[in-house]
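Data block for start12.txt (compact mmCIF, C-alpha atoms):
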# COMPACT_ATOMS: atom_id res chain seq x y z
CA MET X 1 5.16 17.95 14.59
CA HIS X 2 5.93 16.81 11.03
CA ALA X 3 3.32 16.16 8.35
CA PHE X 4 2.82 15.74 4.60
CA VAL X 5 1.36 19.00 3.31
CA TYR X 6 -0.34 19.60 -0.05
CA HIS X 7 0.92 22.69 -1.91
CA GLY X 8 -1.04 22.50 -5.16
CA PRO X 9 -1.42 19.95 -7.99
CA GLY X 10 1.50 17.53 -7.90
CA LYS X 11 3.23 19.36 -5.06
CA GLY X 12 3.58 18.14 -1.50
CA SER X 13 6.30 18.06 1.14
CA TRP X 14 7.15 16.47 4.47
CA GLU X 15 7.64 19.44 6.77
CA SER X 16 7.37 20.84 10.26
CA VAL X 17 3.92 22.25 11.11
CA GLU X 18 2.06 23.44 14.18
CA ASP X 19 0.74 20.75 16.51
CA PRO X 20 -3.04 20.22 16.30
CA LYS X 21 -5.23 21.24 19.23
CA ILE X 22 -8.70 20.44 20.46
CA GLU X 23 -11.02 22.87 18.64
CA GLN X 24 -14.46 21.46 19.45
CA PRO X 25 -15.67 19.58 22.55
CA THR X 26 -16.37 16.54 20.33
CA ASP X 27 -12.72 16.35 19.10
CA ALA X 28 -9.98 13.91 20.02
CA LEU X 29 -6.24 14.24 19.45
CA VAL X 30 -4.66 11.01 18.22
CA ARG X 31 -0.97 10.19 17.96
CA ILE X 32 -0.49 8.33 14.69
CA ASP X 33 1.00 4.84 14.94
CA ALA X 34 0.25 3.78 11.36
CA THR X 35 -1.24 5.42 8.28
CA THR X 36 -1.26 4.81 4.54
CA VAL X 37 -1.75 6.29 1.05
CA CYS X 38 -4.81 5.38 -1.03
CA VAL X 39 -6.14 6.32 -4.46
CA GLY X 40 -8.15 9.18 -2.96
CA ASP X 41 -4.97 10.69 -1.47
CA LEU X 42 -3.20 10.28 -4.81
CA HIS X 43 -6.04 12.07 -6.59
CA ALA X 44 -5.87 14.87 -4.01
CA LEU X 45 -2.13 15.31 -4.51
CA GLN X 46 -2.61 15.35 -8.28
CA GLY X 47 -5.15 18.16 -7.93
CA LYS X 48 -8.12 16.05 -9.02
CA VAL X 49 -10.02 16.82 -5.80
CA SER X 50 -10.70 20.51 -6.36
CA ASP X 51 -11.86 21.35 -2.83
CA VAL X 52 -8.59 20.27 -1.17
CA HIS X 53 -6.80 23.57 -0.58
CA PRO X 54 -3.03 24.16 -0.49
CA GLY X 55 -1.74 23.92 3.06
CA THR X 56 -3.91 20.89 3.91
CA ILE X 57 -2.30 17.84 5.51
CA LEU X 58 -3.36 14.85 3.42
CA GLY X 59 -4.49 11.38 4.52
CA HIS X 60 -7.69 9.93 5.98
CA GLU X 61 -6.78 6.46 7.29
CA ALA X 62 -4.94 5.75 10.53
CA VAL X 63 -4.49 3.78 13.70
CA GLY X 64 -3.16 5.51 16.78
CA GLU X 65 -3.33 6.30 20.48
CA VAL X 66 -5.78 8.83 21.89
CA MET X 67 -3.80 11.57 23.64
CA GLU X 68 -6.55 14.02 24.61
CA VAL X 69 -10.32 14.29 24.26
CA GLY X 70 -12.82 17.14 24.33
CA SER X 71 -15.37 17.56 27.09
CA GLU X 72 -18.17 15.92 25.06
CA VAL X 73 -16.26 12.78 24.05
CA HIS X 74 -17.44 9.79 26.08
CA ASN X 75 -16.61 6.60 24.14
CA VAL X 76 -12.80 6.88 24.13
CA VAL X 77 -10.27 8.18 26.66
CA SER X 78 -6.59 9.03 26.65
CA GLY X 79 -4.52 5.88 26.16
CA ASP X 80 -7.06 4.03 23.99
CA GLU X 81 -5.72 2.50 20.76
CA VAL X 82 -8.20 3.30 18.00
CA VAL X 83 -8.97 3.04 14.31
CA VAL X 84 -9.58 6.50 12.89
CA SER X 85 -12.44 6.29 10.37
CA SER X 86 -11.96 7.91 6.98
CA ILE X 87 -15.48 9.36 7.30
CA SER X 88 -16.49 11.56 10.24
CA SER X 89 -20.01 11.23 11.67
CA CYS X 90 -21.92 13.59 13.93
CA GLY X 91 -24.03 10.58 14.92
CA HIS X 92 -27.24 12.58 15.29
CA CYS X 93 -28.53 13.84 11.92
CA MET X 94 -30.97 11.79 9.84
CA SER X 95 -28.25 10.59 7.46
CA CYS X 96 -26.02 9.40 10.30
CA ARG X 97 -28.93 7.68 12.05
CA ASP X 98 -29.53 5.83 8.77
CA GLY X 99 -25.87 4.76 8.68
CA MET X 100 -25.02 7.13 5.80
CA TYR X 101 -22.13 8.88 7.52
CA GLY X 102 -20.72 10.07 4.21
CA GLN X 103 -23.86 12.20 3.78
CA CYS X 104 -23.71 13.74 7.28
CA THR X 105 -25.56 17.09 7.28
CA GLN X 106 -24.06 18.48 10.50
CA GLY X 107 -20.46 19.00 9.43
CA GLY X 108 -19.27 15.41 9.02
CA GLY X 109 -18.52 13.31 5.94
CA TRP X 110 -15.13 13.13 4.26
CA LEU X 111 -13.25 15.67 6.36
CA LEU X 112 -9.77 14.32 7.09
CA GLY X 113 -7.27 15.20 4.38
CA HIS X 114 -10.07 16.94 2.51
CA GLU X 115 -11.73 19.75 4.46
CA VAL X 116 -9.49 19.55 7.55
CA ASN X 117 -5.96 18.36 8.19
CA GLY X 118 -5.54 14.63 7.82
CA THR X 119 -3.64 11.62 9.08
CA GLN X 120 -0.33 11.69 7.17
CA ALA X 121 1.26 13.32 10.18
CA GLU X 122 2.54 12.54 13.65
CA PHE X 123 -0.72 13.71 15.25
CA VAL X 124 -4.26 14.37 13.99
CA ARG X 125 -7.33 16.13 15.34
CA VAL X 126 -10.32 13.82 14.84
CA PRO X 127 -13.72 15.58 14.69
CA PHE X 128 -16.80 13.83 16.14
CA ALA X 129 -14.53 11.35 17.91
CA ASP X 130 -17.32 9.35 19.58
CA HIS X 131 -18.61 8.20 16.19
CA SER X 132 -15.38 8.43 14.17
CA THR X 133 -12.98 6.31 16.21
CA HIS X 134 -13.18 2.63 17.17
CA LYS X 135 -11.28 0.89 19.94
CA LEU X 136 -8.97 -1.82 18.67
CA PRO X 137 -9.05 -5.40 19.94
CA TYR X 138 -5.94 -5.85 22.06
CA ALA X 139 -4.40 -8.60 19.95
CA MET X 140 -4.96 -7.10 16.50
CA ASP X 141 -1.91 -6.21 14.43
CA ARG X 142 -1.81 -2.42 14.14
CA ASP X 143 -0.63 -2.43 10.53
CA THR X 144 -3.49 -4.60 9.30
CA ALA X 145 -5.87 -2.59 11.47
CA VAL X 146 -5.34 0.43 9.18
CA LEU X 147 -7.52 -1.39 6.62
CA PHE X 148 -10.51 -0.84 8.93
CA SER X 149 -10.31 2.92 8.36
CA GLU X 150 -11.70 2.69 4.83
CA VAL X 151 -10.71 -0.35 2.77
CA LEU X 152 -12.74 -2.98 4.62
CA PRO X 153 -15.89 -0.88 5.16
CA ALA X 154 -15.82 0.11 1.47
CA ALA X 155 -15.47 -3.51 0.37
CA PHE X 156 -18.33 -4.62 2.60
CA GLU X 157 -20.76 -1.72 2.33
CA LEU X 158 -20.42 -0.90 -1.37
CA GLY X 159 -19.50 -4.33 -2.69
CA VAL X 160 -20.69 -7.30 -0.62
CA ARG X 161 -23.73 -5.72 1.06
CA ASN X 162 -24.94 -3.59 -1.85
CA GLY X 163 -24.34 -6.52 -4.20
CA LYS X 164 -26.45 -8.78 -1.95
CA VAL X 165 -24.00 -11.67 -1.85
CA ARG X 166 -25.86 -14.76 -0.61
CA PRO X 167 -25.08 -18.44 0.05
CA GLY X 168 -24.53 -20.14 -3.29
CA SER X 169 -23.89 -16.91 -5.22
CA VAL X 170 -21.44 -16.75 -8.09
CA VAL X 171 -19.44 -13.58 -7.39
CA VAL X 172 -17.07 -11.82 -9.78
CA VAL X 173 -14.80 -9.06 -8.46
CA VAL X 174 -13.37 -6.88 -11.22
CA GLY X 175 -10.18 -5.30 -9.90
CA ALA X 176 -7.72 -6.93 -7.48
CA GLY X 177 -6.47 -3.87 -5.65
CA PRO X 178 -6.81 -3.55 -1.86
CA VAL X 179 -10.60 -2.99 -1.92
CA GLY X 180 -11.23 -5.74 -4.48
CA LEU X 181 -9.16 -8.23 -2.49
CA SER X 182 -10.97 -7.23 0.69
CA ALA X 183 -14.30 -7.83 -1.05
CA LEU X 184 -13.12 -11.34 -1.94
CA VAL X 185 -12.35 -12.11 1.69
CA ILE X 186 -15.52 -10.57 3.14
CA ALA X 187 -17.74 -12.22 0.50
CA GLY X 188 -16.53 -15.55 1.87
CA ILE X 189 -18.47 -14.91 5.09
CA TYR X 190 -21.69 -15.47 3.10
CA SER X 191 -20.68 -18.88 1.66
CA PRO X 192 -20.81 -18.06 -2.07
CA ALA X 193 -20.51 -20.98 -4.47
CA ARG X 194 -17.64 -19.38 -6.37
CA VAL X 195 -15.64 -16.16 -6.14
CA ILE X 196 -13.74 -15.07 -9.24
CA SER X 197 -11.15 -12.28 -9.39
CA VAL X 198 -10.43 -10.45 -12.65
CA ASP X 199 -7.51 -8.07 -13.17
CA LEU X 200 -4.93 -7.08 -15.79
CA SER X 201 -1.99 -7.51 -13.39
CA PRO X 202 -0.57 -11.03 -12.97
CA ALA X 203 0.89 -10.00 -9.60
CA ARG X 204 -2.50 -8.88 -8.35
CA LEU X 205 -4.15 -12.05 -9.62
CA ALA X 206 -1.58 -14.02 -7.62
CA ALA X 207 -2.56 -11.94 -4.58
CA ALA X 208 -6.23 -12.77 -5.23
CA THR X 209 -5.43 -16.47 -5.20
CA SER X 210 -3.50 -16.06 -1.95
CA VAL X 211 -6.50 -14.49 -0.18
CA GLY X 212 -8.91 -17.20 -1.32
CA ALA X 213 -10.28 -16.52 -4.82
CA ASP X 214 -11.56 -19.71 -6.46
CA ASP X 215 -10.36 -18.41 -9.83
CA ALA X 216 -8.13 -15.48 -10.74
CA GLU X 217 -8.00 -14.65 -14.41
CA LEU X 218 -7.18 -12.00 -16.96
CA PRO X 219 -10.33 -10.90 -18.84
CA GLY X 220 -10.68 -13.67 -21.39
CA ARG X 221 -11.96 -17.23 -21.51
CA LEU X 222 -13.42 -17.31 -18.02
CA ILE X 223 -15.36 -14.10 -18.60
CA SER X 224 -16.49 -15.37 -22.00
CA ASP X 225 -17.80 -18.52 -20.34
CA LEU X 226 -19.80 -16.45 -17.87
CA SER X 227 -21.21 -14.05 -20.47
CA ASP X 228 -22.18 -16.92 -22.75
CA GLY X 229 -23.70 -18.89 -19.88
CA PRO X 230 -26.02 -17.90 -17.03
CA GLY X 231 -23.64 -15.18 -15.78
CA ALA X 232 -22.68 -14.05 -12.29
CA ASP X 233 -25.20 -13.36 -9.53
CA VAL X 234 -23.07 -10.50 -8.18
CA VAL X 235 -20.43 -8.46 -10.00
CA ILE X 236 -18.37 -6.08 -7.86
CA GLU X 237 -16.67 -3.28 -9.77
CA ALA X 238 -13.48 -2.36 -7.87
CA ALA X 239 -11.26 -0.93 -10.61
CA GLY X 240 -12.91 2.37 -11.51
CA SER X 241 -12.41 2.43 -15.27
CA PRO X 242 -14.95 2.63 -18.10
CA GLU X 243 -13.72 -0.71 -19.46
CA SER X 244 -14.08 -2.46 -16.10
CA PHE X 245 -17.67 -1.27 -15.70
CA ILE X 246 -18.61 -2.42 -19.19
CA LEU X 247 -17.05 -5.80 -18.37
CA CYS X 248 -19.33 -6.00 -15.33
CA THR X 249 -22.42 -5.46 -17.50
CA ARG X 250 -21.31 -8.30 -19.80
CA VAL X 251 -20.99 -10.96 -17.13
CA VAL X 252 -23.94 -10.24 -14.80
CA ARG X 253 -26.88 -12.61 -15.10
CA SER X 254 -30.47 -11.57 -15.59
CA GLY X 255 -31.78 -10.49 -12.20
CA GLY X 256 -28.26 -10.03 -10.86
CA HIS X 257 -26.50 -7.15 -9.15
CA ILE X 258 -23.64 -4.87 -10.18
CA ALA X 259 -22.12 -3.19 -7.11
CA ASN X 260 -19.83 -0.32 -8.02
CA ILE X 261 -17.01 0.53 -5.61
CA GLY X 262 -14.43 2.04 -7.98
CA MET X 263 -13.80 5.79 -8.13
CA HIS X 264 -14.65 6.78 -11.71
CA GLY X 265 -12.79 9.81 -12.96
CA ALA X 266 -14.04 9.52 -16.54
CA PRO X 267 -17.50 9.13 -18.11
CA VAL X 268 -18.83 5.58 -18.40
CA THR X 269 -21.32 4.46 -21.04
CA LEU X 270 -24.35 2.64 -19.66
CA HIS X 271 -25.72 0.45 -22.46
CA LEU X 272 -29.37 0.46 -21.45
CA GLU X 273 -30.30 -0.72 -24.94
CA GLU X 274 -28.75 -4.05 -23.93
CA LEU X 275 -29.47 -4.04 -20.19
CA TRP X 276 -33.04 -2.81 -19.76
CA ARG X 277 -34.63 -6.23 -20.18
CA LYS X 278 -32.19 -8.07 -17.85
CA ASN X 279 -33.75 -6.87 -14.57
CA ILE X 280 -30.35 -6.04 -13.11
CA THR X 281 -29.71 -3.75 -10.14
CA ILE X 282 -26.81 -1.30 -10.23
CA SER X 283 -25.65 0.31 -6.99
CA THR X 284 -23.10 3.05 -6.38
CA GLY X 285 -22.02 5.03 -3.36
CA GLN X 286 -19.42 6.55 -1.11
CA VAL X 287 -18.14 4.54 1.84
CA ASN X 288 -19.87 5.42 5.12
CA THR X 289 -17.73 3.41 7.60
CA SER X 290 -20.91 2.73 9.60
CA SER X 291 -20.02 -0.98 9.44
CA THR X 292 -16.57 -0.66 11.05
CA ALA X 293 -17.59 -1.78 14.53
CA TRP X 294 -19.44 -4.78 13.07
CA LEU X 295 -16.45 -5.76 10.95
CA LEU X 296 -14.14 -5.56 13.97
CA ASP X 297 -16.48 -8.02 15.71
CA VAL X 298 -17.13 -10.54 12.92
CA LEU X 299 -13.85 -10.87 11.03
CA THR X 300 -12.01 -13.86 12.46
CA PRO X 301 -8.25 -14.32 12.93
CA GLU X 302 -8.29 -16.33 9.67
CA HIS X 303 -9.87 -13.41 7.83
CA ILE X 304 -7.36 -10.98 9.36
CA SER X 305 -4.48 -13.26 8.37
CA ALA X 306 -5.67 -13.28 4.76
CA LEU X 307 -6.20 -9.52 4.76
CA SER X 308 -2.70 -8.92 6.10
CA ARG X 309 -1.39 -9.98 2.67
CA ILE X 310 -2.78 -6.71 1.30
CA ILE X 311 0.02 -4.95 3.21
CA THR X 312 2.87 -5.32 0.73
CA ASP X 313 5.32 -2.84 2.24
CA LYS X 314 6.08 -0.85 5.39
CA CYS X 315 8.22 2.24 5.69
CA ASP X 316 8.88 5.42 7.64
CA LEU X 317 6.31 8.19 7.36
CA GLU X 318 9.01 10.66 6.37
CA ASP X 319 9.50 8.63 3.17
CA ILE X 320 5.92 9.32 2.10
CA LEU X 321 6.82 10.93 -1.25
CA GLN X 322 8.29 7.61 -2.34
CA VAL X 323 5.05 5.88 -1.31
CA TYR X 324 2.99 8.29 -3.42
CA GLU X 325 5.25 7.46 -6.37
CA THR X 326 4.72 3.75 -5.76
CA ALA X 327 0.95 4.27 -5.49
CA SER X 328 0.90 6.06 -8.85
CA MET X 329 2.39 2.94 -10.51
CA ALA X 330 0.67 0.31 -8.38
CA VAL X 331 -0.98 -1.56 -11.26
CA GLN X 332 2.34 -1.99 -13.08
CA SER X 333 4.32 -2.91 -9.96
CA GLY X 334 1.73 -5.10 -8.27
CA ALA X 335 2.03 -3.05 -5.06
CA LEU X 336 -1.08 -3.06 -2.90
CA ARG X 337 -0.93 -1.08 0.33
CA THR X 338 2.05 0.42 2.16
CA VAL X 339 1.82 1.15 5.88
CA LEU X 340 3.64 4.27 7.06
CA ARG X 341 4.90 4.67 10.60
CA PRO X 342 6.28 7.79 12.28
CA ALA X 343 9.76 7.64 13.76
CA PRO X 344 9.81 6.14 17.30
CA TYR X 345 9.32 8.59 20.14

Could you take the file, read its structure, and then write that structure out as structure tokens?
Amino acid sequence: MHAFVYHGPGKGSWESVEDPKIEQPTDALVRIDATTVCVGDLHALQGKVSDVHPGTILGHEAVGEVMEVGSEVHNVVSGDEVVVSSISSCGHCMSCRDGMYGQCTQGGGWLLGHEVNGTQAEFVRVPFADHSTHKLPYAMDRDTAVLFSEVLPAAFELGVRNGKVRPGSVVVVVGAGPVGLSALVIAGIYSPARVISVDLSPARLAAATSVGADDAELPGRLISDLSDGPGADVVIEAAGSPESFILCTRVVRSGGHIANIGMHGAPVTLHLEELWRKNITISTGQVNTSSTAWLLDVLTPEHISALSRIITDKCDLEDILQVYETASMAVQSGALRTVLRPAPY
């Protein structure tokens, strides 16, 4: 088969590699129908994820068809169309029973494109397939379905759920990338009074309006109004920069929640001298994908239609180097998520 292989910081190539095989009885082999490139993949290619070794196939999000299963896989069979979760779960350890798949103590967690070969390929071996794949509803668009691998669970688990969005909440989402936009859509399930998107990119603010934000603004007057007034009940940090986190602390109300989703690659100052008396709750975390099955059930066709706008481009998997280049300049270009498809068989 062909796959995108990491060869050291900044180096990767689309090349012919050996086909994957069943290695454990809990494995499944999946033929990739659609995959994508996210910030985590970009960081891996840039060498910022130190435990990704040269020779690893990158990628951890995919939709595809099950081709073969191990003897201890019972929930999927050959021919099933599935979402491949970005996080692998043994399903049995204490962490997995608590829904914290990212903290799996029996060999799971972030494996694909990290510790084992990933999804930016024509085929992938999926460990712990019973708990790490999800059958797709028949009518769901396969390109949009890729968002269920990581983007939508991250938006819900780390943003909406951790932030405790409730009916009547004022919600601010800082960052209008794919996860921030998904948080806007999913927050709407809980009937907030107002959902506000903040970003530095006019193109991304336009995307926020298109998926249902009540307001979409550059940091400025709107944020000043919130910080001078009662503030936001929930602030979701989905940008991952020191400045964006500080902005969150400025606009949250006393007793409110800051829910951090963004991947922070630089130190962030926590101004406790200003925050200690405000009774705020700050949450962080890695996505677990334990909510994927629930999201597949509860998101309506209207939600899926809005989320499909996050897919801003589609191209052949063999053109993946171009997609990595686009991802590295996404803020400037306004690009959100590109779906990659292998050549037809």

May I ask for the distance between atom CA of X:His134 and atom CA of X:Glu15, given in Å to one decimal place?
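Atom CA of X:Glu15 lies at a distance of 28.7 Å from atom CA of X:His134.
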
So, counting all atoms listed in the file, which residue among X:Gly188, X:Gly55, X:Gly107, X:Pro137 is closest to X:Phe156?
X:Gly188

Any idea what's packed within 12 Å of X:Ile304, counting only C-alpha atoms, ignoring anything in its chain fewer than 6 positions away? Could you give it as a ChimeraX atom specification?
/X:139-148,152,182,185-186,211,295-298,310-311

Could you check which of X:Val331, X:Val77, X:Ile261, X:Cys96 is closest to X:Asp27, using only C-alpha atoms?
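Going through X:Val331, X:Val77, X:Ile261, X:Cys96 one by one, the smallest distance to X:Asp27 is for X:Val77.
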
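Of the listed residues X:Glu243, X:Asp233, X:Asp51, X:Asp313, the one whose atoms come nearest to X:Thr281 is X:Asp233, with distances taken using all atoms listed in the file.
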
Nearest residue to X:Gly265 out of X:Val17, X:Ala293, X:Leu226, X:Ala239, using all atoms listed in the file?
X:Ala239

Taking all listed atoms of stretch 27-30 of chain X, build the axis-aligned box, pad each of the six sides by 6 Å, then write its centre and edge lengths in Å to one decimal as AutoDock Vina command-line options.
--center_x -8.7 --center_y 13.7 --center_z 19.1 --size_x 20.1 --size_y 17.3 --size_z 13.8

Nearest to X:Leu307 among X:Leu181, X:Ala343, X:Ala44, X:Val171, with distances taken over all atoms listed in the file: which residue is it?
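Result for the nearest residue to X:Leu307: X:Leu181.
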
Could you give me, as a PDB file with C-alpha atoms, keeping the file's coordinate frame, the residues within 8 Å of stretch 82-95 of chain X, counting all atoms listed in the file and dropping anything in the same chain fewer than 3 positions from it?
ATOM      1  CA  HIS X  60      -7.690   9.930   5.980  1.00  0.00           C
ATOM      2  CA  GLU X  61      -6.780   6.460   7.290  1.00  0.00           C
ATOM      3  CA  ALA X  62      -4.940   5.750  10.530  1.00  0.00           C
ATOM      4  CA  VAL X  63      -4.490   3.780  13.700  1.00  0.00           C
ATOM      5  CA  GLY X  64      -3.160   5.510  16.780  1.00  0.00           C
ATOM      6  CA  GLU X  65      -3.330   6.300  20.480  1.00  0.00           C
ATOM      7  CA  VAL X  66      -5.780   8.830  21.890  1.00  0.00           C
ATOM      8  CA  ASP X  98     -29.530   5.830   8.770  1.00  0.00           C
ATOM      9  CA  GLY X  99     -25.870   4.760   8.680  1.00  0.00           C
ATOM     10  CA  MET X 100     -25.020   7.130   5.800  1.00  0.00           C
ATOM     11  CA  TYR X 101     -22.130   8.880   7.520  1.00  0.00           C
ATOM     12  CA  GLY X 102     -20.720  10.070   4.210  1.00  0.00           C
ATOM     13  CA  GLN X 103     -23.860  12.200   3.780  1.00  0.00           C
ATOM     14  CA  CYS X 104     -23.710  13.740   7.280  1.00  0.00           C
ATOM     15  CA  THR X 105     -25.560  17.090   7.280  1.00  0.00           C
ATOM     16  CA  GLN X 106     -24.060  18.480  10.500  1.00  0.00           C
ATOM     17  CA  GLY X 107     -20.460  19.000   9.430  1.00  0.00           C
ATOM     18  CA  GLY X 108     -19.270  15.410   9.020  1.00  0.00           C
ATOM     19  CA  GLY X 109     -18.520  13.310   5.940  1.00  0.00           C
ATOM     20  CA  TRP X 110     -15.130  13.130   4.260  1.00  0.00           C
ATOM     21  CA  LEU X 111     -13.250  15.670   6.360  1.00  0.00           C
ATOM     22  CA  LEU X 112      -9.770  14.320   7.090  1.00  0.00           C
ATOM     23  CA  VAL X 126     -10.320  13.820  14.840  1.00  0.00           C
ATOM     24  CA  PRO X 127     -13.720  15.580  14.690  1.00  0.00           C
ATOM     25  CA  PHE X 128     -16.800  13.830  16.140  1.00  0.00           C
ATOM     26  CA  ALA X 129     -14.530  11.350  17.910  1.00  0.00           C
ATOM     27  CA  HIS X 131     -18.610   8.200  16.190  1.00  0.00           C
ATOM     28  CA  SER X 132     -15.380   8.430  14.170  1.00  0.00           C
ATOM     29  CA  THR X 133     -12.980   6.310  16.210  1.00  0.00           C
ATOM     30  CA  HIS X 134     -13.180   2.630  17.170  1.00  0.00           C
ATOM     31  CA  LYS X 135     -11.280   0.890  19.940  1.00  0.00           C
ATOM     32  CA  LEU X 136      -8.970  -1.820  18.670  1.00  0.00           C
ATOM     33  CA  ALA X 145      -5.870  -2.590  11.470  1.00  0.00           C
ATOM     34  CA  VAL X 146      -5.340   0.430   9.180  1.00  0.00           C
ATOM     35  CA  PHE X 148     -10.510  -0.840   8.930  1.00  0.00           C
ATOM     36  CA  SER X 149     -10.310   2.920   8.360  1.00  0.00           C
ATOM     37  CA  GLU X 150     -11.700   2.690   4.830  1.00  0.00           C
ATOM     38  CA  VAL X 287     -18.140   4.540   1.840  1.00  0.00           C
ATOM     39  CA  ASN X 288     -19.870   5.420   5.120  1.00  0.00           C
ATOM     40  CA  THR X 289     -17.730   3.410   7.600  1.00  0.00           C
TER      41      THR X 289
END

Excluding same-chain residues fewer than 3 positions from X:Val268, what lies within 9 Å of it counting only C-alpha atoms, as a short mmCIF file (atom, residue, chain, number, x, y, z; two decimals) with C-alpha atoms, in the frame of the given file?
data_model
loop_
_atom_site.label_atom_id
_atom_site.label_comp_id
_atom_site.auth_asym_id
_atom_site.auth_seq_id
_atom_site.Cartn_x
_atom_site.Cartn_y
_atom_site.Cartn_z
CA SER X 241 -12.41 2.43 -15.27
CA PRO X 242 -14.95 2.63 -18.10
CA GLU X 243 -13.72 -0.71 -19.46
CA PHE X 245 -17.67 -1.27 -15.70
CA ILE X 246 -18.61 -2.42 -19.19
CA HIS X 264 -14.65 6.78 -11.71
#

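Between X:Asp80 and the residues X:Ala28, X:Leu218, X:Ala207, X:Ala266, the shortest atom-to-atom distance, using all atoms listed in the file, involves X:Ala28.
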
What does the distance between atom CA of X:Ala176 and atom CA of X:Leu200 come to in Å, to one decimal place?
8.8 Å

Which residues are near X:His53? Cut-off 10 Å, only C-alpha atoms, ignore same chain within fewer than 2 positions. Put them as a PDB file with C-alpha atoms, in the frame of the given file.
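This is the output file selection39.pdb:
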ATOM      1  CA  TYR X   6      -0.340  19.600  -0.050  1.00  0.00           C
ATOM      2  CA  HIS X   7       0.920  22.690  -1.910  1.00  0.00           C
ATOM      3  CA  GLY X   8      -1.040  22.500  -5.160  1.00  0.00           C
ATOM      4  CA  PRO X   9      -1.420  19.950  -7.990  1.00  0.00           C
ATOM      5  CA  ALA X  44      -5.870  14.870  -4.010  1.00  0.00           C
ATOM      6  CA  GLY X  47      -5.150  18.160  -7.930  1.00  0.00           C
ATOM      7  CA  VAL X  49     -10.020  16.820  -5.800  1.00  0.00           C
ATOM      8  CA  SER X  50     -10.700  20.510  -6.360  1.00  0.00           C
ATOM      9  CA  ASP X  51     -11.860  21.350  -2.830  1.00  0.00           C
ATOM     10  CA  GLY X  55      -1.740  23.920   3.060  1.00  0.00           C
ATOM     11  CA  THR X  56      -3.910  20.890   3.910  1.00  0.00           C
ATOM     12  CA  ILE X  57      -2.300  17.840   5.510  1.00  0.00           C
ATOM     13  CA  GLY X 113      -7.270  15.200   4.380  1.00  0.00           C
ATOM     14  CA  HIS X 114     -10.070  16.940   2.510  1.00  0.00           C
ATOM     15  CA  GLU X 115     -11.730  19.750   4.460  1.00  0.00           C
ATOM     16  CA  VAL X 116      -9.490  19.550   7.550  1.00  0.00           C
TER      17      VAL X 116
END

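For the pair atom CA of X:Ser13 and atom CA of X:Thr36, the interatomic distance is 15.6 Å.
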
Starting from the point (-3.0, -14.8, -1.0), work out which residues of protein, DNA or RNA have an atom no more than 10 Å away when counting all atoms listed in the file; state them as an MDAnalysis selection string.
chainID X and resid 181 204:213 305:310

Compile the contact shell of X:Pro167 as an mmCIF file with C-alpha atoms, keeping the file's coordinate frame: residues with an atom at most 6 Å away, counting only C-alpha atoms, same-chain residues fewer than 5 positions apart removed.
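Saved result, out-v9.cif, follows:
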data_model
loop_
_atom_site.group_PDB
_atom_site.id
_atom_site.type_symbol
_atom_site.label_atom_id
_atom_site.label_comp_id
_atom_site.auth_asym_id
_atom_site.auth_seq_id
_atom_site.Cartn_x
_atom_site.Cartn_y
_atom_site.Cartn_z
ATOM 1 C CA TYR X 190 -21.690 -15.470 3.100
ATOM 2 C CA SER X 191 -20.680 -18.880 1.660
ATOM 3 C CA PRO X 192 -20.810 -18.060 -2.070
#
